[in-house]
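Colleague: So that you have it, the file is data-v3.txt, and it contains compact mmCIF, C-alpha atoms (C1' of nucleotides):
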# COMPACT_ATOMS: atom_id res chain seq x y z
CA MET A 1 6.75 -2.45 -8.67
CA THR A 2 9.22 0.37 -8.62
CA GLN A 3 11.31 1.23 -5.58
CA LEU A 4 8.96 4.12 -4.82
CA ASP A 5 5.95 1.82 -5.05
CA GLN A 6 7.58 -0.59 -2.64
CA THR A 7 8.64 2.09 -0.22
CA PHE A 8 5.27 3.79 0.00
CA ALA A 9 3.39 0.49 0.07
CA ALA A 10 5.60 -0.80 2.88
CA LEU A 11 4.96 2.37 4.87
CA GLY A 12 1.21 2.07 4.37
CA ASP A 13 0.86 -0.26 7.32
CA GLY A 14 0.95 0.82 10.94
CA THR A 15 2.61 -2.36 12.16
CA ARG A 16 5.47 -1.90 9.75
CA ARG A 17 5.90 1.76 10.65
CA ALA A 18 5.98 0.72 14.31
CA ILE A 19 8.70 -1.81 13.51
CA LEU A 20 10.75 0.90 11.83
CA ALA A 21 10.19 3.19 14.82
CA ARG A 22 11.46 0.44 17.08
CA LEU A 23 14.58 0.08 14.96
CA THR A 24 15.49 3.74 15.38
CA ARG A 25 16.48 2.70 18.91
CA GLY A 26 18.99 0.30 17.41
CA GLU A 27 19.35 -3.18 16.02
CA ALA A 28 16.90 -5.74 17.39
CA ALA A 29 16.27 -9.44 17.17
CA LEU A 30 13.12 -10.57 15.43
CA SER A 31 11.73 -11.97 18.68
CA GLU A 32 12.31 -8.62 20.40
CA ILE A 33 10.55 -6.85 17.57
CA ALA A 34 7.64 -9.25 17.68
CA GLU A 35 7.17 -9.10 21.44
CA PRO A 36 4.97 -5.97 21.77
CA PHE A 37 2.63 -6.98 18.95
CA GLU A 38 -0.52 -8.97 19.45
CA MET A 39 0.14 -11.27 16.56
CA SER A 40 2.21 -14.34 15.89
CA GLN A 41 5.92 -14.07 15.35
CA THR A 42 5.33 -15.49 11.89
CA ALA A 43 3.13 -12.52 11.05
CA VAL A 44 5.76 -10.08 12.27
CA SER A 45 8.35 -12.01 10.31
CA LYS A 46 6.28 -11.45 7.19
CA HIS A 47 6.11 -7.73 7.87
CA VAL A 48 9.87 -7.67 8.29
CA ARG A 49 10.22 -9.48 5.00
CA VAL A 50 8.13 -6.80 3.28
CA LEU A 51 10.34 -4.12 4.82
CA SER A 52 13.43 -6.05 3.85
CA GLU A 53 12.27 -6.47 0.25
CA ALA A 54 11.64 -2.73 0.15
CA GLY A 55 15.19 -2.22 1.36
CA LEU A 56 14.05 -0.52 4.56
CA VAL A 57 15.46 -3.17 6.87
CA ARG A 58 18.54 -5.34 6.66
CA VAL A 59 18.47 -8.69 8.35
CA SER A 60 21.64 -10.45 9.46
CA LYS A 61 21.81 -13.88 10.96
CA ARG A 62 24.00 -14.48 13.98
CA GLY A 63 23.62 -17.86 15.57
CA ARG A 64 19.98 -18.75 15.72
CA THR A 65 18.74 -15.18 15.93
CA ARG A 66 18.03 -12.74 13.11
CA TYR A 67 18.99 -9.16 13.83
CA CYS A 68 17.21 -6.38 12.03
CA ARG A 69 18.67 -2.98 11.27
CA LEU A 70 17.00 0.12 9.95
CA GLU A 71 18.04 0.99 6.42
CA ALA A 72 16.52 4.40 5.86
CA ALA A 73 18.05 5.18 2.47
CA PRO A 74 14.97 4.35 0.36
CA MET A 75 12.95 6.83 2.39
CA LYS A 76 14.97 9.63 0.92
CA GLN A 77 13.44 9.17 -2.51
CA ALA A 78 9.97 9.04 -0.99
CA ALA A 79 10.63 12.23 0.96
CA GLU A 80 11.87 13.93 -2.18
CA TRP A 81 8.77 12.86 -4.07
CA LEU A 82 6.62 14.35 -1.35
CA GLU A 83 8.60 17.57 -1.27
CA THR A 84 7.49 18.20 -4.83
CA TYR A 85 4.04 18.78 -3.36
CA GLN A 86 5.10 20.93 -0.46
CA THR A 87 4.16 24.11 -2.26
CA PHE A 88 0.66 22.74 -2.65
CA TRP A 89 0.01 21.83 0.96
CA GLU A 90 1.47 25.18 1.92
CA GLY A 91 -0.88 26.92 -0.45
CA ARG A 92 1.91 28.50 -2.47
CA PHE A 93 0.48 27.47 -5.82
CA VAL A 94 1.56 30.53 -7.73
CA ALA A 95 5.28 29.98 -7.36
CA LEU A 96 5.04 26.41 -8.56
CA ALA A 97 2.69 27.28 -11.40
CA ARG A 98 5.22 29.80 -12.63
CA TYR A 99 8.03 27.29 -12.23
CA LEU A 100 6.11 24.76 -14.28
CA GLU A 101 5.38 27.35 -16.95
CA GLU A 102 9.06 28.16 -17.24
CA ASN A 103 10.17 24.50 -17.10
CA PRO A 104 7.75 22.62 -19.29
CA MET B 105 -6.80 2.50 8.70
CA THR B 106 -5.33 5.73 9.99
CA GLN B 107 -4.88 8.78 7.82
CA LEU B 108 -1.19 7.97 7.53
CA ASP B 109 -1.97 4.41 6.45
CA GLN B 110 -4.32 5.70 3.80
CA THR B 111 -1.93 8.34 2.56
CA PHE B 112 1.05 6.03 2.22
CA ALA B 113 -1.04 3.21 0.79
CA ALA B 114 -2.57 5.55 -1.79
CA LEU B 115 0.89 6.72 -2.82
CA GLY B 116 2.12 3.16 -3.18
CA ASP B 117 0.79 2.90 -6.69
CA GLY B 118 2.42 4.43 -9.73
CA THR B 119 -0.85 5.12 -11.50
CA ARG B 120 -2.13 7.10 -8.55
CA ARG B 121 1.09 9.07 -8.23
CA ALA B 122 0.85 9.85 -11.94
CA ILE B 123 -2.70 11.11 -11.42
CA LEU B 124 -1.51 13.39 -8.65
CA ALA B 125 1.33 14.61 -10.85
CA ARG B 126 -1.17 15.42 -13.56
CA LEU B 127 -3.24 17.42 -11.09
CA THR B 128 -0.31 19.67 -10.19
CA ARG B 129 -0.96 21.21 -13.62
CA GLY B 130 -4.45 22.12 -12.47
CA GLU B 131 -7.94 20.76 -12.16
CA ALA B 132 -8.88 18.08 -14.68
CA ALA B 133 -11.92 16.11 -15.71
CA LEU B 134 -11.92 12.39 -15.03
CA SER B 135 -11.90 11.62 -18.76
CA GLU B 136 -8.85 13.86 -19.21
CA ILE B 137 -7.11 12.11 -16.37
CA ALA B 138 -7.95 8.69 -17.76
CA GLU B 139 -6.89 9.45 -21.32
CA PRO B 140 -3.12 8.73 -21.10
CA PHE B 141 -3.57 5.45 -19.23
CA GLU B 142 -3.90 2.10 -20.89
CA MET B 143 -6.78 1.00 -18.75
CA SER B 144 -10.49 1.51 -18.67
CA GLN B 145 -11.96 4.74 -17.37
CA THR B 146 -13.65 2.67 -14.69
CA ALA B 147 -10.26 1.55 -13.42
CA VAL B 148 -8.99 5.12 -13.32
CA SER B 149 -12.19 6.15 -11.58
CA LYS B 150 -11.43 3.59 -8.90
CA HIS B 151 -7.94 4.98 -8.43
CA VAL B 152 -9.40 8.45 -8.10
CA ARG B 153 -11.80 7.13 -5.51
CA VAL B 154 -8.90 5.75 -3.48
CA LEU B 155 -7.17 9.12 -3.69
CA SER B 156 -10.36 10.87 -2.77
CA GLU B 157 -10.95 8.63 0.25
CA ALA B 158 -7.40 9.37 1.34
CA GLY B 159 -8.23 13.06 1.04
CA LEU B 160 -5.62 13.61 -1.65
CA VAL B 161 -8.08 14.61 -4.35
CA ARG B 162 -11.34 16.49 -4.21
CA VAL B 163 -13.94 15.73 -6.82
CA SER B 164 -16.62 18.22 -7.79
CA LYS B 165 -19.43 17.59 -10.22
CA ARG B 166 -20.28 20.21 -12.79
CA GLY B 167 -22.77 19.13 -15.41
CA ARG B 168 -21.96 15.63 -16.50
CA THR B 169 -18.26 15.87 -15.82
CA ARG B 170 -16.36 15.28 -12.58
CA TYR B 171 -13.49 17.63 -11.99
CA CYS B 172 -10.63 16.53 -9.80
CA ARG B 173 -8.43 18.83 -7.77
CA LEU B 174 -5.24 18.07 -5.92
CA GLU B 175 -5.62 18.25 -2.15
CA ALA B 176 -2.07 17.96 -0.89
CA ALA B 177 -2.70 18.59 2.80
CA PRO B 178 -2.52 14.93 3.92
CA MET B 179 0.92 14.64 2.39
CA LYS B 180 2.24 17.00 5.01
CA GLN B 181 1.82 14.43 7.77
CA ALA B 182 3.48 11.78 5.62
CA ALA B 183 6.40 14.10 4.90
CA GLU B 184 6.76 14.87 8.59
CA TRP B 185 6.77 11.18 9.42
CA LEU B 186 9.54 10.62 6.89
CA GLU B 187 11.54 13.57 8.19
CA THR B 188 11.89 11.74 11.49
CA TYR B 189 14.15 9.35 9.61
CA GLN B 190 16.17 11.93 7.76
CA THR B 191 19.05 11.70 10.22
CA PHE B 192 19.22 8.00 9.45
CA TRP B 193 19.41 8.19 5.71
CA GLU B 194 21.93 10.96 6.09
CA GLY B 195 24.03 8.75 8.31
CA ARG B 196 23.90 11.16 11.23
CA PHE B 197 22.99 8.49 13.75
CA VAL B 198 24.99 9.87 16.63
CA ALA B 199 23.05 13.09 17.00
CA LEU B 200 19.74 11.29 17.05
CA ALA B 201 20.99 8.57 19.36
CA ARG B 202 22.01 11.27 21.83
CA TYR B 203 18.67 13.00 21.41
CA LEU B 204 16.86 9.77 22.16
CA GLU B 205 19.06 9.14 25.19
CA GLU B 206 18.22 12.57 26.55
CA ASN B 207 14.52 12.31 25.70
CA PRO B 208 13.45 8.84 26.66
C1' DG C 209 21.92 -36.24 25.03
C1' DA C 210 17.65 -33.69 26.21
C1' DT C 211 15.29 -29.64 26.00
C1' DA C 212 14.22 -24.93 25.12
C1' DT C 213 14.65 -20.95 21.95
C1' DA C 214 14.71 -18.48 17.38
C1' DG C 215 13.02 -18.70 13.38
C1' DT C 216 11.33 -20.58 8.77
C1' DC C 217 8.21 -22.96 5.83
C1' DA C 218 4.02 -24.65 3.77
C1' DA C 219 -0.72 -24.74 3.78
C1' DC C 220 -4.63 -22.55 4.54
C1' DC C 221 -8.32 -18.63 5.14
C1' DA C 222 -10.76 -14.27 4.59
C1' DA C 223 -10.57 -9.81 2.97
C1' DT C 224 -9.02 -6.44 -0.21
C1' DA C 225 -7.03 -4.69 -4.50
C1' DA C 226 -6.83 -4.00 -9.35
C1' DG C 227 -8.64 -4.79 -13.28
C1' DT C 228 -12.42 -6.14 -16.76
C1' DT C 229 -17.16 -5.86 -19.12
C1' DG C 230 -21.94 -4.59 -19.90
C1' DA C 231 -25.89 -2.10 -18.59
C1' DC C 232 -27.42 2.07 -16.96
C1' DT C 233 -28.16 7.42 -15.82
C1' DT C 234 -27.47 11.99 -16.73
C1' DT C 235 -26.20 15.87 -19.40
C1' DA C 236 -24.78 18.27 -23.81
C1' DG C 237 -25.19 19.32 -28.36
C1' DA C 238 -26.85 18.70 -33.38
C1' DT D 239 -35.70 14.61 -30.33
C1' DC D 240 -31.87 11.76 -31.25
C1' DT D 241 -27.32 10.81 -30.27
C1' DA D 242 -22.94 11.06 -28.16
C1' DA D 243 -20.20 11.83 -24.05
C1' DA D 244 -19.16 11.49 -18.99
C1' DG D 245 -19.50 8.77 -15.62
C1' DT D 246 -21.38 5.29 -12.22
C1' DC D 247 -22.73 0.76 -10.80
C1' DA D 248 -22.85 -4.15 -10.25
C1' DA D 249 -20.91 -8.38 -11.17
C1' DC D 250 -17.11 -10.92 -12.02
C1' DT D 251 -11.99 -12.62 -12.14
C1' DT D 252 -7.43 -12.95 -10.53
C1' DA D 253 -3.78 -11.80 -7.50
C1' DT D 254 -2.13 -10.07 -3.25
C1' DT D 255 -2.32 -9.10 1.72
C1' DG D 256 -2.43 -10.07 6.44
C1' DG D 257 -3.19 -13.27 9.37
C1' DT D 258 -3.43 -18.18 11.39
C1' DT D 259 -1.57 -22.98 12.69
C1' DG D 260 1.45 -27.04 12.83
C1' DA D 261 5.55 -29.18 11.51
C1' DC D 262 10.18 -28.49 10.89
C1' DT D 263 15.43 -26.85 11.25
C1' DA D 264 19.06 -25.02 13.59
C1' DT D 265 21.33 -23.37 17.58
C1' DA D 266 21.96 -22.77 22.68
C1' DT D 267 22.07 -24.44 27.14
C1' DC D 268 21.60 -27.71 30.98
Could I get this file's structure written as C-alpha cells?
Modeller:
Amino acid sequence: MTQLDQTFAALGDGTRRAILARLTRGEAALSEIAEPFEMSQTAVSKHVRVLSEAGLVRVSKRGRTRYCRLEAAPMKQAAEWLETYQTFWEGRFVALARYLEENP
Amino acid sequence: MTQLDQTFAALGDGTRRAILARLTRGEAALSEIAEPFEMSQTAVSKHVRVLSEAGLVRVSKRGRTRYCRLEAAPMKQAAEWLETYQTFWEGRFVALARYLEENP
DNA sequence: GATATAGTCAACCAATAAGTTGACTTTAGA
DNA sequence: TCTAAAGTCAACTTATTGGTTGACTATATC
C-alpha cells in the first residue's frame, strides 16, 4: 500500500473521520476520543492505530494515558491528487484536454 | 456507507485511481481499461463496479461494449472535506483555533 | 497495600474485499 | 452461419476489516 492508498483508505470510514474532526479541537486522550462512540475502547483504539499507521495521528504516551494528535500532512498529497480532477467536476474539460494534449 | 465513505474508500486503491486517471483522457471501453493491468478483466470489471457504485464512473452500453466515463462530481465533497484540514497541514493552527473559539 | 483507571493484547467472529476460473450471453464480423 | 470478442455471472479462495470479549500490564490514587 502506498501512502496515498493508506490515506484514502483511512479516510473511508466515518468513525475515523470523526476522530480526526475531534482532534482538530486539540490533543486528546484515547479514552476521551472513545467516549462519544458506541463501541468498545478497543475498537476505537484499532481505528486510531489505522490512522496512526497512515501517519494521520501521532500517539504519545504520558503516564498511563495515550495522547493523540492530528498529523494532517499526509492529507496534502490526497488533496493534491483530488485537485487534478477539479476541472472535471467543474465541467471545464476543454482546458484540461488542451493541457494534456500539450503535455503528453 | 455515506457518499463520503464510498468516495474515499473507492480512492483507496491504486488500481482504481489508475482507472480514473485513464478516464481523464476520455471515455474508454472496459477492455481498453483492463488492458494495461496484470489481472483478469473480471477483476477490473469489479473495480469499475466499485467506482460506478461510488458515482465516480458512469457506464453506458453500446453494442457489446461497455464504455466508461469519468464522473468527478463526488470528488468535490471529498476535496472540500480535506480542505477543512488545510490549515493544519500548513501549520496555521492559530487562525483555526481562534475561528473555532469564536464559532463553537 | 488495595483499588480504580488507561490501555494493550490475543483470540475469536462475521462480513467484505480482491482476486481467480469456467461457463455463459450477446453482439460483430468473415 | 461460424467464430471471435466483450462482457457478465456464479462459485470459490484467501486476506483484511471492524467489531467483540476476557485476561493482562502499567500507572494513579486512596
Colleague: Calculate how many Å separate C1' of DG257 (chain D) from CA of Ser40 (chain A), rounding to one decimal.
Modeller: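 If I compute the distance from C1' of DG257 (chain D) to CA of Ser40 (chain A), I get 8.5 Å.
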Colleague: Set the cut-off to 8 Å and count all atoms listed in the file: what are the residues of chain A that reach chain C? Output as a list in words.
Modeller: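 Those within range of chain C come out as Ser31, Arg64, Thr65 and Arg66 of chain A.
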Colleague: Could you please tell me, as a list in words, which residues of chain D have an atom within 8 Å of chain A when using all atoms listed in the file?
Modeller: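 So the contacting residues turn out to be DG256, DG257, DA264 and DT265 of chain D.
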Colleague: Per residue of chain B within 8 Å of chain A, what are the shortest atom pair and its distance in Å to one decimal, counting all atoms listed in the file, with rows by chain and residue number, as JSON lines?
Modeller:
{"residue": "B:Leu108", "atom": "CA", "partner": "A:Gly12", "partner_atom": "CA", "distance": 7.1}
{"residue": "B:Asp109", "atom": "CA", "partner": "A:Gly12", "partner_atom": "CA", "distance": 4.5}
{"residue": "B:Gln110", "atom": "CA", "partner": "A:Gly12", "partner_atom": "CA", "distance": 6.6}
{"residue": "B:Thr111", "atom": "CA", "partner": "A:Gly12", "partner_atom": "CA", "distance": 7.2}
{"residue": "B:Phe112", "atom": "CA", "partner": "A:Gly12", "partner_atom": "CA", "distance": 4.5}
{"residue": "B:Ala113", "atom": "CA", "partner": "A:Gly12", "partner_atom": "CA", "distance": 4.4}
{"residue": "B:Leu115", "atom": "CA", "partner": "A:Phe8", "partner_atom": "CA", "distance": 6.0}
{"residue": "B:Gly116", "atom": "CA", "partner": "A:Ala9", "partner_atom": "CA", "distance": 4.4}
{"residue": "B:Asp117", "atom": "CA", "partner": "A:Asp5", "partner_atom": "CA", "distance": 5.5}
{"residue": "B:Gly118", "atom": "CA", "partner": "A:Asp5", "partner_atom": "CA", "distance": 6.4}
{"residue": "B:Arg129", "atom": "CA", "partner": "A:Ala97", "partner_atom": "CA", "distance": 7.4}
{"residue": "B:Glu175", "atom": "CA", "partner": "A:Trp89", "partner_atom": "CA", "distance": 7.4}
{"residue": "B:Ala176", "atom": "CA", "partner": "A:Trp89", "partner_atom": "CA", "distance": 4.8}
{"residue": "B:Ala177", "atom": "CA", "partner": "A:Trp89", "partner_atom": "CA", "distance": 4.6}
{"residue": "B:Pro178", "atom": "CA", "partner": "A:Trp89", "partner_atom": "CA", "distance": 7.9}
{"residue": "B:Met179", "atom": "CA", "partner": "A:Leu82", "partner_atom": "CA", "distance": 6.8}
{"residue": "B:Lys180", "atom": "CA", "partner": "A:Trp89", "partner_atom": "CA", "distance": 6.7}
{"residue": "B:Ala183", "atom": "CA", "partner": "A:Ala79", "partner_atom": "CA", "distance": 6.1}
{"residue": "B:Leu186", "atom": "CA", "partner": "A:Ala79", "partner_atom": "CA", "distance": 6.2}
{"residue": "B:Glu187", "atom": "CA", "partner": "A:Ala79", "partner_atom": "CA", "distance": 7.4}
{"residue": "B:Tyr189", "atom": "CA", "partner": "A:Ala72", "partner_atom": "CA", "distance": 6.6}
{"residue": "B:Gln190", "atom": "CA", "partner": "A:Lys76", "partner_atom": "CA", "distance": 7.3}
{"residue": "B:Phe192", "atom": "CA", "partner": "A:Ala72", "partner_atom": "CA", "distance": 5.8}
{"residue": "B:Trp193", "atom": "CA", "partner": "A:Ala73", "partner_atom": "CA", "distance": 4.6}
{"residue": "B:Glu194", "atom": "CA", "partner": "A:Ala73", "partner_atom": "CA", "distance": 7.8}
{"residue": "B:Ala201", "atom": "CA", "partner": "A:Arg25", "partner_atom": "CA", "distance": 7.4}
{"residue": "B:Leu204", "atom": "CA", "partner": "A:Arg25", "partner_atom": "CA", "distance": 7.8}
Colleague: My list of candidates is D:DT251, D:DT246, D:DT267, D:DT259. Which is closest to Ser149 (chain B) when distances are computed with only C-alpha atoms (C1' of nucleotides)?
Modeller: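 Closest to Ser149 (chain B) of all the choices is D:DT246.
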Colleague: One decimal, Å: what's the distance from CA of Leu155 (chain B) over to CA of Arg120 (chain B), could you say?
Modeller: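 Interatomic distance, CA of Leu155 (chain B) to CA of Arg120 (chain B): 7.3 Å.
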Colleague: Could you check the closest approach to Val50 (chain A) for each of A:Ile19, A:Tyr67, A:Gln77, A:Glu38 and tell me which residue wins, using only C-alpha atoms?
Modeller: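 Closest candidate: A:Ile19.
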Colleague: Please provide as a list of chain:residue names all residues within 9 Å of Val163 (chain B), with the sequence filter that same-chain residues fewer than 2 positions apart are discarded (counting all atoms listed in the file).
Modeller: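 Near Val163 (chain B), the qualifying residues are B:Val152, B:Arg153, B:Ser156, B:Val161, B:Lys165, B:Arg170, B:Tyr171, B:Cys172, B:Arg173.
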Colleague: Separation of CA of Phe141 (chain B) and CA of Ala122 (chain B), in Å?
Modeller: 9.6 Å
